[in-house]
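Input: a single structure, listed below in structure tokens.
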Amino acid sequence: MRGPAGPPFIPGSLTVQSDSLHCDSQPALHLRGVTKQFAGVQALKNVSLRLFAGEVHALMGQNGAGKSTLIKVLTGVHRADQGEMLLGGRPISAASTLESQQLGISTVYQEVNLCPNLTVAENIFAGRYPRKGARYGWAIDWVAMNAQARHWLQRLNLQIDVTQMLSSYSVAVQQMVAIARALSISAQVLILDEPTSSLDDEEVERLFGVLRQLRDEGMAILFVTHMLDQVYAVCERITVLRNGELVGEYRTSELGHSALIAAMVGRELVPASAEQHTRQGAALAHAPVLLEVQGLARQGHLKPLDLTLRHGEVVGLGGLLGSGRTELARLLFGLDRHETGSMSIQGAVVQLESPTQAIAHGLALCPEDRKADGIISELSVRENIALALQARQGLWPCMSPARQSEMALRYVKALGIKTADIETPISQLSGGNQQKVILARWLATQPRLLILDEPTRGIDIAAKQEIMNEILLLAREGMAVLFISSEMDEVVRLSDRIVVMRDRAKIGELPAGSTDHAVYAMIAGHA
């Protein structure tokens with residue numbers, strides 16, 4: 001769903017429209033003039049936020065805009081240096097997440113913070129289990145707890161075995177369990193922090209159905225996301241933060257996509273456009289073939305697939321979640337072994353049985369889950385950048401710290417990585433900068449083929465644009481790029497050719513300049 005075009009944006013022109021939005025009702029939750037500082041760093045400066053009962057409200061901003069800090073103030077993790085918080089018109093102050101929950105404010109995080117080794121029912125009632133009488137030593141009333149857990153889940157139209165371990169269910173179900181826990185403590189305000197980042201389209205729509213139901217029942221919902229289309233699909237209003245300050249509060253229907261992006265970054269962005277693809281034109285079709293696969297397949301993962309990648313070409317993989325995009329990337333990089341088919345690099349048949357062999361042949365992979373498979377959170381920026389090149393060279397000789405530092409400084413500057421210094425633990429960087437470090441790691445190996453699996457997931461708009469522009473620059477210099485993204489507009493905007501996939505199979509190709517509608521039409525045509 002697209003938002004309205006909206007008026008043109010002039011930096012500095014957006015202001016809070018507080019008086020015109022809800023002048024006839026009192027906010028369920030109201031933050032006024034909130035300021036928070038950490039060791040001389042101004043995280044929040046005079047920020048206000050109003051959440052109304054019966055509304056879904058989006059909180060938007062780039063990484064570092066202050067969204068996480070504001071949520072932590074709301075939920076009692078941090079105490080504001082200045083400002084006040086009103087719940088139902090009454091001043092409140094929560095010194096912990098427990099106090100915040102007791103007041104009626106509950107949060108569901110991107111990475112579900114429940115206990116996978118406990119049952120569904122135990123997770124819903126953790127810390128407040130129903131008890132039997134003194135005759136039983138105030139033992140847990142398992143029958144009552146399981147019955148009550150089923151009741152709260154049925155409110156969300158979810159029927160599962162509440163006596164099963166939480167770990168046996170998908171992330172989408174676990175998020176529903178977290179919401180059921182919030183309902184069971186009589187939450188008046190529900191905060192959802194990036195709840196859709198690990199969900200497919202069907203799971204997202206199911207979650208949105210639940211949010212609309214809770215909204216209609218009078219709950220105030222704060223929805224934090226990087227997905228613009230989702231904001232326009234489910235939110236009535238938007239609050240934008242930038243550099244720790246409030247930019248404005250707007251009706252969703254009155255703020256278009258371009259104006260929203262400009263509000264977040266403080267300037268108009270110049271997107272990568274179809275014009276940039278004219279750099280290649282018809283000549284690209286005659287560029288030397290770098291990689292070719294024929295009949296590549298692995299049972300249960302990927303059906304027989306043919307693919308050709310040429311030097312200097314950005315090939316996008318268009319498909320829905322579960323279409324086989326990541327499975328193809330894993331096979332190409334040697335993380336999984338193909339069972340049938342063949343692969344050739346520069347015309348020579350190869351059998352890649354490990355990532356080490358793939359790296360030796362000039363392949364690089366930025367994985368889908370940067371936290372689990374990409375960064376080593378305990379290591380510094382310098383050490384994370386050096387990892388892949390050291391792996392290609394072998395365990396010995398070990399790269400000297402001086403060589404690592406020289407290389408890290410070069411890529412930090414080239415990619416605009418924002419870090420205090422190269423010895424900073426990568427875990428302290430924003431998501432966008434962590435992604436740039438992973439990209440730097442692989443660029444240091446000077447690959448011939450760069451496979452990017454969801455390189456822009458969970459990062460802010462400006463960082464996305466910088467990464468996409470960097471991809472186009474690499475292609476201009478002759479590198480082949482295989483680009484995977486769940487955001488179809490990114491795929492069509494960046495790609496010289498789009499390989500369309502469905503049900504773990506390739507179903508066709510589309511040229512540069514194709515629209516996302518053309519990709520979806522091809523997918524639907526093979527339903």
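In the structure tokens, chains take letters A, B, ... by order of appearance, with residues numbered from 1 within each chain and ligands from 1 in the order shown.
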- Close residues, Met60 of chain A itself excluded, 8 Å, only C-alpha atoms, min 5 positions apart in chain, as a ChimeraX atom specification: /A:67,224-226,238-241,264
Keeping only all heavy atoms, take the residues you just selected and write them out as an mmCIF file, in the first residue's frame.
```cif
data_model
loop_
_atom_site.group_PDB
_atom_site.id
_atom_site.type_symbol
_atom_site.label_atom_id
_atom_site.label_comp_id
_atom_site.auth_asym_id
_atom_site.auth_seq_id
_atom_site.Cartn_x
_atom_site.Cartn_y
_atom_site.Cartn_z
ATOM 1 N N LYS A 67 14.790 6.732 18.882
ATOM 2 C CA LYS A 67 13.609 5.874 19.069
ATOM 3 C C LYS A 67 13.811 4.897 20.233
ATOM 4 O O LYS A 67 12.943 4.765 21.098
ATOM 5 C CB LYS A 67 13.293 5.103 17.777
ATOM 6 C CG LYS A 67 13.077 5.964 16.555
ATOM 7 C CD LYS A 67 12.577 5.157 15.383
ATOM 8 C CE LYS A 67 13.500 4.031 14.985
ATOM 9 N NZ LYS A 67 14.813 4.518 14.476
ATOM 10 N N VAL A 224 6.865 0.716 16.021
ATOM 11 C CA VAL A 224 8.171 1.178 15.569
ATOM 12 C C VAL A 224 8.638 0.277 14.433
ATOM 13 O O VAL A 224 8.693 -0.952 14.591
ATOM 14 C CB VAL A 224 9.206 1.149 16.717
ATOM 15 C CG1 VAL A 224 10.537 1.730 16.253
ATOM 16 C CG2 VAL A 224 8.683 1.900 17.924
ATOM 17 N N THR A 225 8.965 0.862 13.278
ATOM 18 C CA THR A 225 9.335 0.058 12.121
ATOM 19 C C THR A 225 10.161 0.885 11.155
ATOM 20 O O THR A 225 10.160 2.117 11.193
ATOM 21 C CB THR A 225 8.083 -0.476 11.401
ATOM 22 O OG1 THR A 225 8.489 -1.312 10.302
ATOM 23 C CG2 THR A 225 7.238 0.661 10.845
ATOM 24 N N HIS A 226 10.894 0.172 10.266
ATOM 25 C CA HIS A 226 11.581 0.820 9.145
ATOM 26 C C HIS A 226 10.785 0.650 7.854
ATOM 27 O O HIS A 226 11.160 1.206 6.823
ATOM 28 C CB HIS A 226 12.965 0.190 8.938
ATOM 29 C CG HIS A 226 13.966 0.576 9.986
ATOM 30 N ND1 HIS A 226 14.416 1.869 10.142
ATOM 31 C CD2 HIS A 226 14.604 -0.157 10.929
ATOM 32 C CE1 HIS A 226 15.308 1.902 11.132
ATOM 33 N NE2 HIS A 226 15.427 0.691 11.617
ATOM 34 N N ILE A 238 1.741 9.475 12.748
ATOM 35 C CA ILE A 238 3.185 9.257 12.712
ATOM 36 C C ILE A 238 3.862 10.352 13.536
ATOM 37 O O ILE A 238 3.546 11.530 13.386
ATOM 38 C CB ILE A 238 3.741 9.318 11.273
ATOM 39 C CG1 ILE A 238 3.022 8.317 10.362
ATOM 40 C CG2 ILE A 238 5.247 9.079 11.259
ATOM 41 C CD1 ILE A 238 3.348 8.508 8.882
ATOM 42 N N THR A 239 4.799 9.948 14.392
ATOM 43 C CA THR A 239 5.705 10.895 15.035
ATOM 44 C C THR A 239 7.107 10.628 14.494
ATOM 45 O O THR A 239 7.552 9.475 14.453
ATOM 46 C CB THR A 239 5.686 10.750 16.557
ATOM 47 O OG1 THR A 239 4.448 11.272 17.062
ATOM 48 C CG2 THR A 239 6.835 11.522 17.205
ATOM 49 N N VAL A 240 7.789 11.680 14.057
ATOM 50 C CA VAL A 240 9.125 11.561 13.470
ATOM 51 C C VAL A 240 10.154 12.189 14.403
ATOM 52 O O VAL A 240 9.970 13.314 14.875
ATOM 53 C CB VAL A 240 9.192 12.241 12.088
ATOM 54 C CG1 VAL A 240 10.590 12.118 11.493
ATOM 55 C CG2 VAL A 240 8.160 11.643 11.140
ATOM 56 N N LEU A 241 11.235 11.438 14.674
ATOM 57 C CA LEU A 241 12.377 11.942 15.432
ATOM 58 C C LEU A 241 13.587 12.055 14.509
ATOM 59 O O LEU A 241 13.736 11.268 13.573
ATOM 60 C CB LEU A 241 12.729 11.011 16.598
ATOM 61 C CG LEU A 241 11.674 10.748 17.671
ATOM 62 C CD1 LEU A 241 12.259 9.846 18.751
ATOM 63 C CD2 LEU A 241 11.174 12.049 18.275
ATOM 64 N N MET A 264 12.612 12.399 8.002
ATOM 65 C CA MET A 264 13.522 11.575 8.793
ATOM 66 C C MET A 264 14.980 11.948 8.569
ATOM 67 O O MET A 264 15.784 11.935 9.498
ATOM 68 C CB MET A 264 13.297 10.092 8.478
ATOM 69 C CG MET A 264 11.998 9.539 9.033
ATOM 70 S SD MET A 264 11.918 7.734 8.946
ATOM 71 C CE MET A 264 11.738 7.492 7.180
#
```
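By only C-alpha atoms, and with residues fewer than 6 positions from Arg206 of chain A along its chain excluded, the set lying at most 12 Å from it is Leu156, Asn157, Leu158, Ala172, Val173, Gln175, Met176, Thr196, Leu199, Asp200, Arg212, Gln213 and Val234 of chain A.
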Residue subset to file, keeping N, CA and C atoms, as a PDB file, in the first residue's frame:
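The resulting file, part.pdb, is shown below:
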```
ATOM      1  N   LEU A 156      -6.743 -13.515  20.428  1.00  0.00           N
ATOM      2  CA  LEU A 156      -5.919 -13.170  19.268  1.00  0.00           C
ATOM      3  C   LEU A 156      -6.166 -14.142  18.107  1.00  0.00           C
ATOM      4  N   ASN A 157      -7.242 -14.923  18.223  1.00  0.00           N
ATOM      5  CA  ASN A 157      -7.600 -15.915  17.194  1.00  0.00           C
ATOM      6  C   ASN A 157      -6.470 -16.916  16.957  1.00  0.00           C
ATOM      7  N   LEU A 158      -5.818 -17.310  18.036  1.00  0.00           N
ATOM      8  CA  LEU A 158      -4.718 -18.266  17.952  1.00  0.00           C
ATOM      9  C   LEU A 158      -5.016 -19.456  18.852  1.00  0.00           C
ATOM     10  N   ALA A 172       6.633 -15.839  14.575  1.00  0.00           N
ATOM     11  CA  ALA A 172       5.337 -15.162  14.491  1.00  0.00           C
ATOM     12  C   ALA A 172       4.430 -15.574  15.649  1.00  0.00           C
ATOM     13  N   VAL A 173       4.391 -16.857  15.969  1.00  0.00           N
ATOM     14  CA  VAL A 173       3.568 -17.336  17.080  1.00  0.00           C
ATOM     15  C   VAL A 173       4.130 -16.810  18.402  1.00  0.00           C
ATOM     16  N   GLN A 175       5.611 -14.034  18.914  1.00  0.00           N
ATOM     17  CA  GLN A 175       5.201 -12.642  19.079  1.00  0.00           C
ATOM     18  C   GLN A 175       3.755 -12.540  19.541  1.00  0.00           C
ATOM     19  N   MET A 176       2.889 -13.432  19.037  1.00  0.00           N
ATOM     20  CA  MET A 176       1.506 -13.457  19.497  1.00  0.00           C
ATOM     21  C   MET A 176       1.437 -13.809  20.982  1.00  0.00           C
ATOM     22  N   THR A 196       7.865  -6.885  12.769  1.00  0.00           N
ATOM     23  CA  THR A 196       7.637  -7.604  11.509  1.00  0.00           C
ATOM     24  C   THR A 196       8.914  -7.982  10.784  1.00  0.00           C
ATOM     25  N   LEU A 199       9.092 -11.679   9.863  1.00  0.00           N
ATOM     26  CA  LEU A 199       7.834 -12.309   9.456  1.00  0.00           C
ATOM     27  C   LEU A 199       7.668 -12.261   7.941  1.00  0.00           C
ATOM     28  N   ASP A 200       6.982 -13.276   7.392  1.00  0.00           N
ATOM     29  CA  ASP A 200       6.647 -13.219   5.974  1.00  0.00           C
ATOM     30  C   ASP A 200       5.350 -12.424   5.798  1.00  0.00           C
ATOM     31  N   ARG A 212      -5.355  -4.301  14.564  1.00  0.00           N
ATOM     32  CA  ARG A 212      -6.611  -3.585  14.285  1.00  0.00           C
ATOM     33  C   ARG A 212      -7.685  -3.968  15.293  1.00  0.00           C
ATOM     34  N   GLN A 213      -7.689  -5.245  15.681  1.00  0.00           N
ATOM     35  CA  GLN A 213      -8.661  -5.708  16.673  1.00  0.00           C
ATOM     36  C   GLN A 213      -8.412  -5.020  18.017  1.00  0.00           C
ATOM     37  N   VAL A 234      -1.281   0.357   8.440  1.00  0.00           N
ATOM     38  CA  VAL A 234      -1.900   0.072   9.730  1.00  0.00           C
ATOM     39  C   VAL A 234      -1.939   1.262  10.688  1.00  0.00           C
TER      40      VAL A 234
END
```
- Task: Could you give me, as a PyMOL selection string, the residues within 12 Å of Gln230 of chain A, counting only C-alpha atoms and dropping anything in the same chain fewer than 5 positions from it?
- Result: chain A and resi 1-3+56-58+60+194-197+201+204-205+207-208+223-225+235-236+238+252+257+487
- Task: Excluding Leu415 of chain A and residues on its chain fewer than 5 positions from it, collect all residues at most 8 Å away from it, counting only C-alpha atoms, and give them as a PyMOL selection string.
- Result: chain A and resi 436+440+470
Selection from above, N, CA, C and O atoms, as a PDB file, in the first residue's frame, can you write it?
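Generated file (out.pdb):
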```
ATOM      1  N   LYS A 436      27.565  -2.040   6.998  1.00  0.00           N
ATOM      2  CA  LYS A 436      28.677  -1.515   6.211  1.00  0.00           C
ATOM      3  C   LYS A 436      29.995  -2.209   6.584  1.00  0.00           C
ATOM      4  O   LYS A 436      30.847  -2.430   5.722  1.00  0.00           O
ATOM      5  N   ALA A 440      32.394  -4.126   4.115  1.00  0.00           N
ATOM      6  CA  ALA A 440      33.832  -3.843   4.059  1.00  0.00           C
ATOM      7  C   ALA A 440      34.645  -5.128   4.191  1.00  0.00           C
ATOM      8  O   ALA A 440      35.679  -5.302   3.522  1.00  0.00           O
ATOM      9  N   GLU A 470      26.593   2.335  -3.256  1.00  0.00           N
ATOM     10  CA  GLU A 470      27.880   1.637  -3.239  1.00  0.00           C
ATOM     11  C   GLU A 470      27.824   0.388  -4.119  1.00  0.00           C
ATOM     12  O   GLU A 470      28.794   0.061  -4.823  1.00  0.00           O
TER      13      GLU A 470
END
```
- Going by DSSP on the backbone, which bits of segment 232-423 of chain A are strand (DSSP E or B)? Write them as a ChimeraX atom specification, please. /A:237-242,245-251,289-298,302-310,314-318,340-345,348-350,363-366,380
- Query: Which one is closest to Val143 of chain A: A:Lys506, A:Arg155, A:Tyr129, A:Ala263? Count only C-alpha atoms.
  - Reply: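 Counting only C-alpha atoms, the residue closest to Val143 of chain A is A:Tyr129.
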- Message: Residues near segment 335-346 of chain A, anyone? I mean within 8 Å using only C-alpha atoms, not counting same-chain ones fewer than 4 positions away, as a VMD selection string.
- Response: chain A and resid 289 to 299 304 330 to 331 350 to 355 361
- Task: For each of A:Val73, A:Val231, A:Val265, A:Met85, take the minimum atom-to-atom distance to Arg251 of chain A, counting only C-alpha atoms, then give the residue where this is smallest.
- Result: A:Val231
